[in-house]
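J.: Got a structure for you, model06.pdb, holding PDB, C-alpha atoms.
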MODEL        1
ATOM      1  CA  MET U 347       0.000   0.000   0.000
ATOM      2  CA  ARG U 348       1.282   3.458  -0.879
ATOM      3  CA  GLN U 349       2.661   5.447   2.038
ATOM      4  CA  ASP U 350       0.282   8.350   1.453
ATOM      5  CA  LEU U 351      -2.693   6.012   1.856
ATOM      6  CA  MET U 352      -1.665   5.282   5.445
ATOM      7  CA  SER U 353      -3.170   8.615   6.490
ATOM      8  CA  LEU U 354      -6.633   7.248   5.661
ATOM      9  CA  PRO U 355      -8.799   5.111   7.958
ATOM     10  CA  LYS U 356      -7.904   1.452   7.485
ATOM     11  CA  THR U 357     -11.118   0.359   5.753
ATOM     12  CA  LEU U 358     -11.093   3.360   3.428
ATOM     13  CA  ALA U 359      -7.406   2.867   2.647
ATOM     14  CA  VAL U 360      -8.074  -0.737   1.632
ATOM     15  CA  ASP U 361     -10.946   0.287  -0.657
ATOM     16  CA  VAL U 362      -8.852   2.989  -2.308
ATOM     17  CA  ALA U 363      -5.892   0.637  -2.724
ATOM     18  CA  ARG U 364      -8.074  -1.957  -4.444
ATOM     19  CA  ASN U 365      -9.263   0.600  -6.976
ATOM     20  CA  LEU U 366      -5.718   1.797  -7.620
ATOM     21  CA  VAL U 367      -4.597  -1.794  -8.210
ATOM     22  CA  MET U 368      -7.330  -2.180 -10.835
ATOM     23  CA  VAL U 369      -6.266   1.079 -12.496
ATOM     24  CA  ALA U 370      -2.696  -0.183 -12.799
ATOM     25  CA  LYS U 371      -3.835  -3.601 -14.032
ATOM     26  CA  LEU U 372      -6.214  -2.317 -16.716
ATOM     27  CA  LEU U 373      -4.396   0.803 -17.873
ATOM     28  CA  ASP U 374      -2.905  -0.876 -20.953
ATOM     29  CA  GLU U 375      -5.469  -3.554 -21.808
ATOM     30  CA  ASP U 376      -8.687  -1.645 -21.021
ATOM     31  CA  PRO U 377      -8.032   2.077 -20.429
ATOM     32  CA  GLY U 378     -11.736   2.902 -20.357
ATOM     33  CA  GLN U 379     -12.344   0.546 -17.454
ATOM     34  CA  ALA U 380      -9.192   1.805 -15.715
ATOM     35  CA  TYR U 381     -10.578   5.325 -15.986
ATOM     36  CA  GLU U 382     -13.809   4.244 -14.250
ATOM     37  CA  TYR U 383     -11.871   2.707 -11.360
ATOM     38  CA  SER U 384      -9.801   5.879 -11.038
ATOM     39  CA  LYS U 385     -12.964   7.956 -10.696
ATOM     40  CA  VAL U 386     -14.082   5.750  -7.804
ATOM     41  CA  ALA U 387     -10.717   6.164  -6.071
ATOM     42  CA  LEU U 388     -10.887   9.900  -6.670
ATOM     43  CA  ARG U 389     -14.292  10.151  -5.010
ATOM     44  CA  LEU U 390     -12.996   8.244  -2.010
ATOM     45  CA  ALA U 391      -9.680  10.067  -1.500
ATOM     46  CA  SER U 392      -9.170  13.144  -3.656
ATOM     47  CA  ARG U 393      -6.571  14.591  -1.270
ATOM     48  CA  VAL U 394      -4.129  11.712  -1.714
ATOM     49  CA  ALA U 395      -1.307  12.377  -4.190
ATOM     50  CA  SER U 396      -1.126   8.799  -5.516
ATOM     51  CA  VAL U 397      -4.846   8.875  -6.257
ATOM     52  CA  ARG U 398      -4.540  12.134  -8.210
ATOM     53  CA  GLU U 399      -1.567  10.722 -10.125
ATOM     54  CA  ALA U 400      -3.418   7.496 -10.986
ATOM     55  CA  ALA U 401      -6.441   9.514 -12.074
ATOM     56  CA  GLY U 402      -4.167  11.581 -14.303
ATOM     57  CA  PHE U 403      -2.706   8.531 -16.053
ATOM     58  CA  ALA U 404      -6.161   6.992 -16.467
ATOM     59  CA  ALA U 405      -7.509  10.189 -18.062
ATOM     60  CA  TYR U 406      -4.379  10.399 -20.241
ATOM     61  CA  GLY U 407      -4.997   6.812 -21.396
ATOM     62  CA  VAL U 408      -8.443   7.675 -22.771
ATOM     63  CA  GLY U 409      -7.348  10.955 -24.372
ATOM     64  CA  LYS U 410      -8.831  13.326 -21.787
ATOM     65  CA  TYR U 411      -5.710  15.504 -21.785
ATOM     66  CA  ALA U 412      -7.100  18.582 -20.047
ATOM     67  CA  GLU U 413      -8.416  16.430 -17.198
ATOM     68  CA  ALA U 414      -5.141  14.507 -17.024
ATOM     69  CA  LEU U 415      -3.108  17.716 -16.866
ATOM     70  CA  ALA U 416      -5.246  19.031 -13.997
ATOM     71  CA  GLU U 417      -4.713  15.808 -12.026
ATOM     72  CA  PHE U 418      -0.966  15.788 -12.675
ATOM     73  CA  ARG U 419      -0.667  19.385 -11.537
ATOM     74  CA  ALA U 420      -2.558  18.560  -8.338
ATOM     75  CA  ALA U 421      -0.302  15.581  -7.628
ATOM     76  CA  ARG U 422       2.791  17.701  -8.280
ATOM     77  CA  ARG U 423       1.619  20.385  -5.855
ATOM     78  CA  MET U 424       1.131  17.726  -3.167
ATOM     79  CA  THR U 425       4.516  16.055  -3.630
ATOM     80  CA  GLY U 426       6.763  18.764  -5.057
ATOM     81  CA  SER U 427       8.211  16.145  -7.432
ATOM     82  CA  ALA U 428       9.176  16.898 -11.032
ATOM     83  CA  ASP U 429       8.674  13.302 -12.196
ATOM     84  CA  LEU U 430       5.409  14.104 -13.963
ATOM     85  CA  TRP U 431       6.861  17.000 -15.975
ATOM     86  CA  PRO U 432       7.311  15.088 -19.267
ATOM     87  CA  VAL U 433       3.792  13.640 -19.277
ATOM     88  CA  MET U 434       2.395  17.055 -18.375
ATOM     89  CA  ALA U 435       4.173  18.455 -21.430
ATOM     90  CA  ASP U 436       2.737  15.667 -23.561
ATOM     91  CA  CYS U 437      -0.738  16.614 -22.334
ATOM     92  CA  GLU U 438      -0.066  20.077 -23.744
ATOM     93  CA  ARG U 439       0.666  18.431 -27.083
ATOM     94  CA  GLY U 440      -2.538  16.427 -26.831
ATOM     95  CA  MET U 441      -4.465  19.648 -26.290
ATOM     96  CA  GLY U 442      -2.980  21.100 -29.486
ATOM     97  CA  ARG U 443      -0.385  23.318 -27.786
ATOM     98  CA  PRO U 444       3.010  21.987 -28.965
ATOM     99  CA  GLU U 445       4.615  25.394 -28.393
ATOM    100  CA  ARG U 446       3.854  25.110 -24.683
ATOM    101  CA  ALA U 447       5.258  21.570 -24.580
ATOM    102  CA  LEU U 448       8.454  22.794 -26.233
ATOM    103  CA  ALA U 449       8.746  25.640 -23.745
ATOM    104  CA  MET U 450       8.423  23.161 -20.860
ATOM    105  CA  ALA U 451      11.395  21.226 -22.292
ATOM    106  CA  GLY U 452      13.580  24.226 -21.466
ATOM    107  CA  GLU U 453      12.342  24.766 -17.905
ATOM    108  CA  PRO U 454      14.592  24.145 -14.832
ATOM    109  CA  GLU U 455      12.358  21.217 -13.797
ATOM    110  CA  VAL U 456      13.957  19.127 -16.549
ATOM    111  CA  GLN U 457      17.304  19.255 -14.747
ATOM    112  CA  ARG U 458      15.673  17.668 -11.715
ATOM    113  CA  LEU U 459      14.606  14.625 -13.708
ATOM    114  CA  ASP U 460      16.533  11.368 -13.677
ATOM    115  CA  LYS U 461      18.015  10.003 -16.910
ATOM    116  CA  ALA U 462      14.804   8.195 -17.893
ATOM    117  CA  GLY U 463      12.790  11.367 -17.307
ATOM    118  CA  GLN U 464      15.181  13.454 -19.391
ATOM    119  CA  VAL U 465      14.953  10.987 -22.276
ATOM    120  CA  GLU U 466      11.164  11.089 -22.003
ATOM    121  CA  MET U 467      11.256  14.883 -22.129
ATOM    122  CA  ARG U 468      13.424  14.715 -25.250
ATOM    123  CA  LEU U 469      10.891  12.413 -26.910
ATOM    124  CA  VAL U 470       8.069  14.831 -26.085
ATOM    125  CA  ALA U 471      10.061  17.798 -27.422
ATOM    126  CA  ALA U 472      10.800  15.958 -30.684
ATOM    127  CA  GLY U 473       7.111  15.157 -31.029
ATOM    128  CA  ALA U 474       6.264  18.810 -30.480
ATOM    129  CA  ARG U 475       8.682  19.793 -33.242
ATOM    130  CA  ARG U 476       6.932  17.447 -35.642
ATOM    131  CA  ASP U 477       3.550  18.806 -34.549
ATOM    132  CA  MET U 478       4.794  22.243 -35.491
ATOM    133  CA  GLY U 479       5.889  21.083 -38.965
ATOM    134  CA  GLN U 480       9.620  20.990 -38.156
ATOM    135  CA  PRO U 481      10.679  17.366 -38.925
ATOM    136  CA  ASP U 482      14.364  18.220 -39.392
ATOM    137  CA  ALA U 483      14.434  19.893 -35.991
ATOM    138  CA  ALA U 484      12.874  16.755 -34.520
ATOM    139  CA  VAL U 485      15.784  14.683 -35.844
ATOM    140  CA  VAL U 486      18.279  17.055 -34.242
ATOM    141  CA  THR U 487      16.360  17.071 -30.945
ATOM    142  CA  LEU U 488      16.702  13.297 -30.620
ATOM    143  CA  GLN U 489      20.449  13.249 -31.288
ATOM    144  CA  SER U 490      21.998  12.831 -27.860
ATOM    145  CA  PRO U 491      24.578  10.826 -25.877
ATOM    146  CA  GLU U 492      21.771   8.462 -24.817
ATOM    147  CA  LEU U 493      21.005   7.711 -28.479
ATOM    148  CA  ALA U 494      24.667   7.063 -29.276
ATOM    149  CA  SER U 495      25.180   4.810 -26.258
ATOM    150  CA  HIS U 496      25.570   1.069 -26.883
ATOM    151  CA  SER U 497      24.159   0.142 -23.488
ATOM    152  CA  VAL U 498      20.541  -0.969 -23.390
ATOM    153  CA  GLN U 499      18.273   0.781 -20.913
ATOM    154  CA  PRO U 500      14.486   0.546 -20.464
ATOM    155  CA  TRP U 501      14.054   3.602 -22.670
ATOM    156  CA  THR U 502      16.605   2.673 -25.374
ATOM    157  CA  ALA U 503      14.199   0.946 -27.767
ATOM    158  CA  ARG U 504      11.711   3.823 -27.708
ATOM    159  CA  LEU U 505      14.418   6.436 -28.247
ATOM    160  CA  ARG U 506      15.905   4.568 -31.214
ATOM    161  CA  TYR U 507      12.446   3.947 -32.654
ATOM    162  CA  ALA U 508      11.521   7.638 -32.403
ATOM    163  CA  TYR U 509      14.782   8.577 -34.115
ATOM    164  CA  ALA U 510      14.173   6.078 -36.930
ATOM    165  CA  ASP U 511      10.656   7.418 -37.417
ATOM    166  CA  ALA U 512      11.949  10.992 -37.504
ATOM    167  CA  LEU U 513      14.568  10.030 -40.116
ATOM    168  CA  LEU U 514      11.893   8.386 -42.245
ATOM    169  CA  ALA U 515       9.773  11.543 -42.047
ATOM    170  CA  VAL U 516      12.582  13.544 -43.697
ATOM    171  CA  GLY U 517      13.233  10.956 -46.402
ATOM    172  CA  ARG U 518      16.384   9.350 -44.979
ATOM    173  CA  GLU U 519      15.096   5.830 -45.534
ATOM    174  CA  ASP U 520      18.379   3.876 -45.372
ATOM    175  CA  GLU U 521      19.308   5.442 -42.045
ATOM    176  CA  ALA U 522      15.772   4.915 -40.785
ATOM    177  CA  ARG U 523      16.000   1.212 -41.583
ATOM    178  CA  GLU U 524      19.269   0.935 -39.671
ATOM    179  CA  TRP U 525      17.772   2.580 -36.583
ATOM    180  CA  PHE U 526      14.600   0.510 -36.715
ATOM    181  CA  ALA U 527      16.864  -2.552 -36.681
ATOM    182  CA  ARG U 528      18.758  -1.152 -33.691
ATOM    183  CA  ALA U 529      15.489  -0.422 -31.936
ATOM    184  CA  LEU U 530      14.412  -4.020 -32.502
ATOM    185  CA  GLU U 531      17.671  -5.272 -30.964
ATOM    186  CA  ALA U 532      16.971  -3.309 -27.789
ATOM    187  CA  ASP U 533      13.244  -4.051 -27.650
ATOM    188  CA  GLN U 534      13.225  -7.016 -25.297
ATOM    189  CA  GLY U 535       9.671  -6.413 -24.094
ATOM    190  CA  GLY U 536       8.015  -5.764 -27.459
ATOM    191  CA  THR U 537       7.150  -2.152 -26.628
ATOM    192  CA  THR U 538       7.485  -1.003 -30.259
ATOM    193  CA  ASP U 539       6.438  -2.322 -33.666
ATOM    194  CA  ALA U 540       9.976  -1.995 -35.035
ATOM    195  CA  SER U 541       9.795  -5.446 -36.681
ATOM    196  CA  ASP U 542       6.690  -4.422 -38.639
ATOM    197  CA  ARG U 543       8.294  -1.172 -39.723
ATOM    198  CA  LEU U 544      11.359  -3.055 -40.938
ATOM    199  CA  ALA U 545       9.214  -5.491 -42.902
ATOM    200  CA  GLU U 546       7.341  -2.575 -44.453
ATOM    201  CA  LEU U 547      10.591  -0.925 -45.551
ATOM    202  CA  ASP U 548      11.805  -4.230 -47.004
ATOM    203  CA  GLY U 549       8.571  -4.719 -48.936
ATOM    204  CA  VAL U 550       7.548  -7.806 -47.002
ATOM    205  CA  GLU U 551       3.793  -8.326 -46.924
ATOM    206  CA  PHE U 552       2.202 -10.606 -44.363
ATOM    207  CA  VAL U 553      -0.936 -12.433 -45.504
ATOM    208  CA  ASP U 554      -3.394 -14.004 -43.121
ATOM    209  CA  ALA U 555      -3.686 -17.671 -44.117
ATOM    210  CA  PHE U 556      -7.299 -17.695 -42.945
ATOM    211  CA  ASP U 557      -8.347 -14.511 -44.764
ATOM    212  CA  PRO U 558     -10.890 -15.400 -47.515
ATOM    213  CA  GLU U 559     -10.183 -12.148 -49.363
ATOM    214  CA  ALA U 560      -6.465 -12.969 -49.541
ATOM    215  CA  GLU U 561      -7.246 -16.432 -50.945
ATOM    216  CA  GLU U 562      -9.575 -14.994 -53.578
ATOM    217  CA  ALA U 563      -6.848 -12.532 -54.596
ATOM    218  CA  ASP U 564      -4.522 -15.511 -55.141
ATOM    219  CA  GLY U 565      -7.124 -17.191 -57.357
ATOM    220  CA  THR U 566      -7.810 -19.985 -54.885
ATOM    221  CA  GLU U 567     -11.138 -20.937 -53.462
ATOM    222  CA  PRO U 568     -11.661 -19.788 -49.880
ATOM    223  CA  ARG U 569     -11.568 -22.586 -47.351
ATOM    224  CA  HIS U 570     -14.660 -23.101 -45.231
ATOM    225  CA  GLU U 571     -14.972 -25.007 -42.034
ATOM    226  CA  ALA U 572     -17.361 -27.964 -42.223
ATOM    227  CA  GLN U 573     -20.700 -27.126 -40.684
ATOM    228  CA  VAL U 574     -21.941 -29.817 -38.300
ATOM    229  CA  PRO U 575     -25.700 -29.831 -37.583
ATOM    230  CA  ASP U 576     -26.738 -29.366 -33.974
ATOM    231  CA  GLY U 577     -26.899 -32.689 -32.183
ATOM    232  CA  ALA U 578     -24.770 -34.541 -34.729
ATOM    233  CA  GLU U 579     -21.975 -36.780 -33.489
ATOM    234  CA  VAL U 580     -18.470 -35.618 -34.263
ATOM    235  CA  PRO U 581     -15.903 -38.426 -34.835
ATOM    236  CA  VAL U 582     -12.413 -37.748 -33.556
ATOM    237  CA  PRO U 583      -9.709 -38.369 -36.211
ATOM    238  CA  GLY U 584      -7.557 -41.364 -35.399
ATOM    239  CA  SER U 585     -10.079 -42.908 -33.008
ATOM    240  CA  ALA U 586     -11.968 -46.171 -33.446
ATOM    241  CA  GLU U 587     -15.179 -44.187 -33.744
ATOM    242  CA  ALA U 588     -13.795 -42.199 -36.667
ATOM    243  CA  GLU U 589     -13.029 -45.404 -38.585
ATOM    244  CA  LEU U 590     -16.163 -47.360 -37.583
ATOM    245  CA  PRO U 591     -19.157 -45.038 -37.490
ATOM    246  CA  GLY U 592     -21.368 -47.603 -35.784
ATOM    247  CA  ALA U 593     -18.962 -48.433 -32.944
ATOM    248  CA  ASP U 594     -19.966 -47.656 -29.387
ATOM    249  CA  SER U 595     -17.808 -45.034 -27.767
ATOM    250  CA  GLY U 596     -18.820 -45.654 -24.199
ATOM    251  CA  PRO U 597     -20.011 -43.134 -21.635
ATOM    252  CA  GLU U 598     -16.538 -41.703 -21.150
ATOM    253  CA  ALA U 599     -16.176 -40.464 -24.729
ATOM    254  CA  GLY U 600     -16.041 -36.748 -25.318
ATOM    255  CA  VAL U 601     -14.504 -34.056 -27.469
ATOM    256  CA  LYS U 602     -11.238 -32.833 -26.018
ATOM    257  CA  GLY U 603     -11.177 -29.090 -25.586
ATOM    258  CA  ALA U 604     -14.904 -28.597 -26.180
ATOM    259  CA  PRO U 605     -16.606 -25.921 -24.040
ATOM    260  CA  GLU U 606     -18.500 -27.245 -21.077
ATOM    261  CA  SER U 607     -22.196 -27.561 -21.869
ATOM    262  CA  GLY U 608     -23.515 -29.344 -18.808
ATOM    263  CA  GLY U 609     -23.415 -32.809 -20.417
ATOM    264  CA  ASP U 610     -21.052 -35.251 -22.094
ATOM    265  CA  VAL U 611     -20.684 -35.266 -25.864
ATOM    266  CA  ALA U 612     -20.916 -38.926 -26.907
ATOM    267  CA  LEU U 613     -19.293 -40.149 -30.082
ATOM    268  CA  GLY U 614     -20.695 -42.909 -32.319
ATOM    269  CA  SER U 615     -23.535 -43.953 -30.010
ATOM    270  CA  GLY U 616     -24.976 -46.238 -32.712
ATOM    271  CA  ASP U 617     -28.311 -44.480 -33.216
ATOM    272  CA  GLY U 618     -27.463 -40.813 -33.465
ATOM    273  CA  PRO U 619     -28.813 -38.537 -36.189
ATOM    274  CA  GLY U 620     -25.406 -38.061 -37.742
ATOM    275  CA  GLU U 621     -24.753 -41.788 -38.288
ATOM    276  CA  PRO U 622     -24.824 -43.302 -41.809
ATOM    277  CA  PRO U 623     -28.009 -45.383 -42.373
ATOM    278  CA  GLU U 624     -26.106 -48.564 -43.222
ATOM    279  CA  ALA U 625     -24.365 -48.490 -39.854
ATOM    280  CA  ARG U 626     -27.696 -48.710 -38.034
ATOM    281  CA  GLY U 627     -28.286 -52.284 -39.207
ATOM    282  CA  ASP U 628     -31.875 -51.675 -40.349
ATOM    283  CA  GLY U 629     -31.243 -52.030 -44.097
ATOM    284  CA  ALA U 630     -32.014 -48.419 -44.783
ATOM    285  CA  GLY U 631     -29.918 -46.725 -47.391
ATOM    286  CA  VAL U 632     -28.536 -49.949 -48.989
ATOM    287  CA  GLN U 633     -28.000 -49.342 -52.679
ATOM    288  CA  GLU U 634     -29.737 -51.748 -55.079
ATOM    289  CA  THR U 635     -27.490 -53.363 -57.689
ATOM    290  CA  PRO U 636     -28.169 -55.918 -60.433
ATOM    291  CA  GLU U 637     -26.826 -58.597 -58.127
ATOM    292  CA  THR U 638     -29.135 -57.696 -55.284
ATOM    293  CA  ARG U 639     -32.174 -57.578 -57.568
ATOM    294  CA  GLU U 640     -31.723 -61.257 -58.480
ATOM    295  CA  SER U 641     -32.952 -63.873 -56.017
ATOM    296  CA  PRO U 642     -30.219 -65.495 -53.948
ATOM    297  CA  ASP U 643     -32.264 -68.786 -53.826
ATOM    298  CA  PRO U 644     -30.969 -71.318 -56.442
ATOM    299  CA  ALA U 645     -34.159 -73.411 -56.176
ATOM    300  CA  ARG U 646     -36.333 -70.566 -57.318
ATOM    301  CA  ASP U 647     -33.835 -69.794 -60.091
ATOM    302  CA  GLY U 648     -34.221 -73.367 -61.316
ATOM    303  CA  ALA U 649     -38.008 -73.148 -61.276
ATOM    304  CA  ARG U 650     -37.912 -70.132 -63.511
ATOM    305  CA  GLU U 651     -35.729 -71.975 -66.023
ATOM    306  CA  GLU U 652     -38.236 -74.870 -66.240
TER     307      GLU U 652
ENDMDL
END
For the file at hand, write its structure as structure tokens.

T.:
Amino acid sequence: MRQDLMSLPKTLAVDVARNLVMVAKLLDEDPGQAYEYSKVALRLASRVASVREAAGFAAYGVGKYAEALAEFRAARRMTGSADLWPVMADCERGMGRPERALAMAGEPEVQRLDKAGQVEMRLVAAGARRDMGQPDAAVVTLQSPELASHSVQPWTARLRYAYADALLAVGREDEAREWFARALEADQGGTTDASDRLAELDGVEFVDAFDPEAEEADGTEPRHEAQVPDGAEVPVPGSAEAELPGADSGPEAGVKGAPESGGDVALGSGDGPGEPPEARGDGAGVQETPETRESPDPARDGAREE
């Protein structure tokens, strides 16, 4: 539990902490739901810095930049920390004020940031330059000792990726490809789509094997999954039931991996609707041939000859 939550009554602190945990858990996979949890935490404890910070990131995640900036400013007033300075500047960009974001990059607060924070501020400043229609200036902004370093830090992949993207924006495609490759080398956690960008530059096109439109473009017929009527028995390839449709499968038989439906799925029960007629043993569906039309009784054959 965050230290600033300890000032709350125990029961309230637990409730707030639970909502903050959900914000952190859902921020990437479901930002809208994370935002809803942050609003609950904010109603419970609006005077807690960690709550205001979480609410800021949740609002930022759903594109509510003005709201996010207000929450970040409140958290900064409570803590006196400069850690939120880069994301506050990015909120200014989101609100269509890149000039303000660029001005924040030159404020004394930047010097109080750690190395990761300074790199983040550089990324925001380069983005602001591009927002202002200055792509060449964005390239220059990203050139730094951190970019030239061969050591891999948590921010290395993103910095190299941003530089590659800036190079591509000014038409320096060969250099951009090199830096996308270097970004991919450093991207251990898959935080960028550097591999896709490299494939795009190399002219590699990925086709979904199950895409009917792609198959039609190739001149092949789209593949369709066999439709099994409701209630029909489904033989499992390689099993005795698959080879002998009329064989009993026993009460233990079932389809591996099938969703639970409240009952067993029996295979080849011997009288199911999906079984071939000839396997039922009632003579139905037997094809008539010249041989079967003739009587199998030799005595009657002889009588006809006389």

J.: Report the distance between CA of Leu366 (chain U) and CA of Arg439 (chain U) in Å, rounded to one decimal place.

T.: 26.4 Å

J.: I would like the residues chosen by the PyMOL selection byres ((chain U and resi 444) around 9) on the shown file; could you give them as a ChimeraX atom specification?

T.: /U:435-436,438-443,445-449,471,473-478

J.: Could you jot down the CA of Ser384 (chain U) to CA of Glu413 (chain U) separation for me, Å, one decimal place?

T.: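 Taking CA of Ser384 (chain U) as the start and CA of Glu413 (chain U) as the end point, the length is 12.3 Å.
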
J.: For the structure provided, state which residues fall under the PyMOL selection byres ((chain U and resi 419) around 12), and present them as an MDAnalysis selection string.

T.: chainID U and resid 395 398:399 401:403 412:418 420:435 437

J.: Taking the file above as input, evaluate the PyMOL selection byres ((chain U and resi 383) around 10) and report the hits as a PDB file with C-alpha atoms, in the coordinates of the input.

T.:
ATOM      1  CA  VAL U 362      -8.852   2.989  -2.308  1.00  0.00           C
ATOM      2  CA  ARG U 364      -8.074  -1.957  -4.444  1.00  0.00           C
ATOM      3  CA  ASN U 365      -9.263   0.600  -6.976  1.00  0.00           C
ATOM      4  CA  LEU U 366      -5.718   1.797  -7.620  1.00  0.00           C
ATOM      5  CA  VAL U 367      -4.597  -1.794  -8.210  1.00  0.00           C
ATOM      6  CA  MET U 368      -7.330  -2.180 -10.835  1.00  0.00           C
ATOM      7  CA  VAL U 369      -6.266   1.079 -12.496  1.00  0.00           C
ATOM      8  CA  ALA U 370      -2.696  -0.183 -12.799  1.00  0.00           C
ATOM      9  CA  LEU U 372      -6.214  -2.317 -16.716  1.00  0.00           C
ATOM     10  CA  PRO U 377      -8.032   2.077 -20.429  1.00  0.00           C
ATOM     11  CA  GLY U 378     -11.736   2.902 -20.357  1.00  0.00           C
ATOM     12  CA  GLN U 379     -12.344   0.546 -17.454  1.00  0.00           C
ATOM     13  CA  ALA U 380      -9.192   1.805 -15.715  1.00  0.00           C
ATOM     14  CA  TYR U 381     -10.578   5.325 -15.986  1.00  0.00           C
ATOM     15  CA  GLU U 382     -13.809   4.244 -14.250  1.00  0.00           C
ATOM     16  CA  SER U 384      -9.801   5.879 -11.038  1.00  0.00           C
ATOM     17  CA  LYS U 385     -12.964   7.956 -10.696  1.00  0.00           C
ATOM     18  CA  VAL U 386     -14.082   5.750  -7.804  1.00  0.00           C
ATOM     19  CA  ALA U 387     -10.717   6.164  -6.071  1.00  0.00           C
ATOM     20  CA  LEU U 388     -10.887   9.900  -6.670  1.00  0.00           C
ATOM     21  CA  ALA U 400      -3.418   7.496 -10.986  1.00  0.00           C
ATOM     22  CA  ALA U 401      -6.441   9.514 -12.074  1.00  0.00           C
ATOM     23  CA  ALA U 404      -6.161   6.992 -16.467  1.00  0.00           C
TER      24      ALA U 404
END

J.: What does the distance between CA of Ala532 (chain U) and CA of Lys371 (chain U) come to in Å, to one decimal place?

T.: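 So the two atoms, CA of Ala532 (chain U) and CA of Lys371 (chain U), lie 24.9 Å apart.
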
J.: Place a sphere of radius 9 Å on (10.3, 0.3, -42.0) in the file coordinates and name every protein, DNA or RNA residue with an atom inside or on its surface, counting all atoms listed in the file; give the answer as a VMD selection string.

T.: chain U and resid 510 to 511 514 519 522 to 523 526 to 527 540 to 549

J.: Can you work out which one of U:Asp376, U:Leu530, U:Leu351, U:Val360 has the shortest atom-to-atom distance to Arg393 (chain U), counting only C-alpha atoms?

T.: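 Closest to Arg393 (chain U) of all the choices is U:Leu351.
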
J.: Neighbours of Thr538 (chain U) within 8 Å (all atoms listed in the file; same-chain residues fewer than 5 positions away dropped), as a list in words?

T.: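 The contact residues come out as Ala503, Arg504, Tyr507, Leu530 and Asp533 of chain U.
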
J.: So which one's closest to Ser392 (chain U), U:Leu354, U:Val498, U:Val516, U:Ala529? Using only C-alpha atoms, please.

T.: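 Among the listed residues, the smallest separation from Ser392 (chain U) belongs to U:Leu354.
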
J.: Put the listed atoms of region 493-496 of chain U in a box along x, y and z with 3 Å added on every side and give me the centre and edge lengths in Å to one decimal, as lines of an AutoDock Vina configuration file.

T.:
center_x = 23.3
center_y = 4.4
center_z = -27.8
size_x = 10.6
size_y = 12.6
size_z = 9.0

J.: Which residue is closest to Ala363 (chain U)? Choose from U:Asp350, U:Asp520, U:Glu531, U:Glu466 and count only C-alpha atoms.

T.: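 Closest to Ala363 (chain U) of all the choices is U:Asp350.
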
J.: Pick out the closest residue to Ala451 (chain U) from this set: U:Gly536, U:Gln499, U:Thr487, U:Gln480. Count all atoms listed in the file.

T.: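 Once distances to Ala451 (chain U) are computed over all atoms listed in the file, the minimum belongs to U:Thr487.
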
J.: Which of these residues is nearest to Ser497 (chain U), using all atoms listed in the file: U:Val456, U:Arg528, U:Ser396, U:Val408?

T.: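 Ranking U:Val456, U:Arg528, U:Ser396, U:Val408 by distance to Ser497 (chain U), first place goes to U:Arg528.
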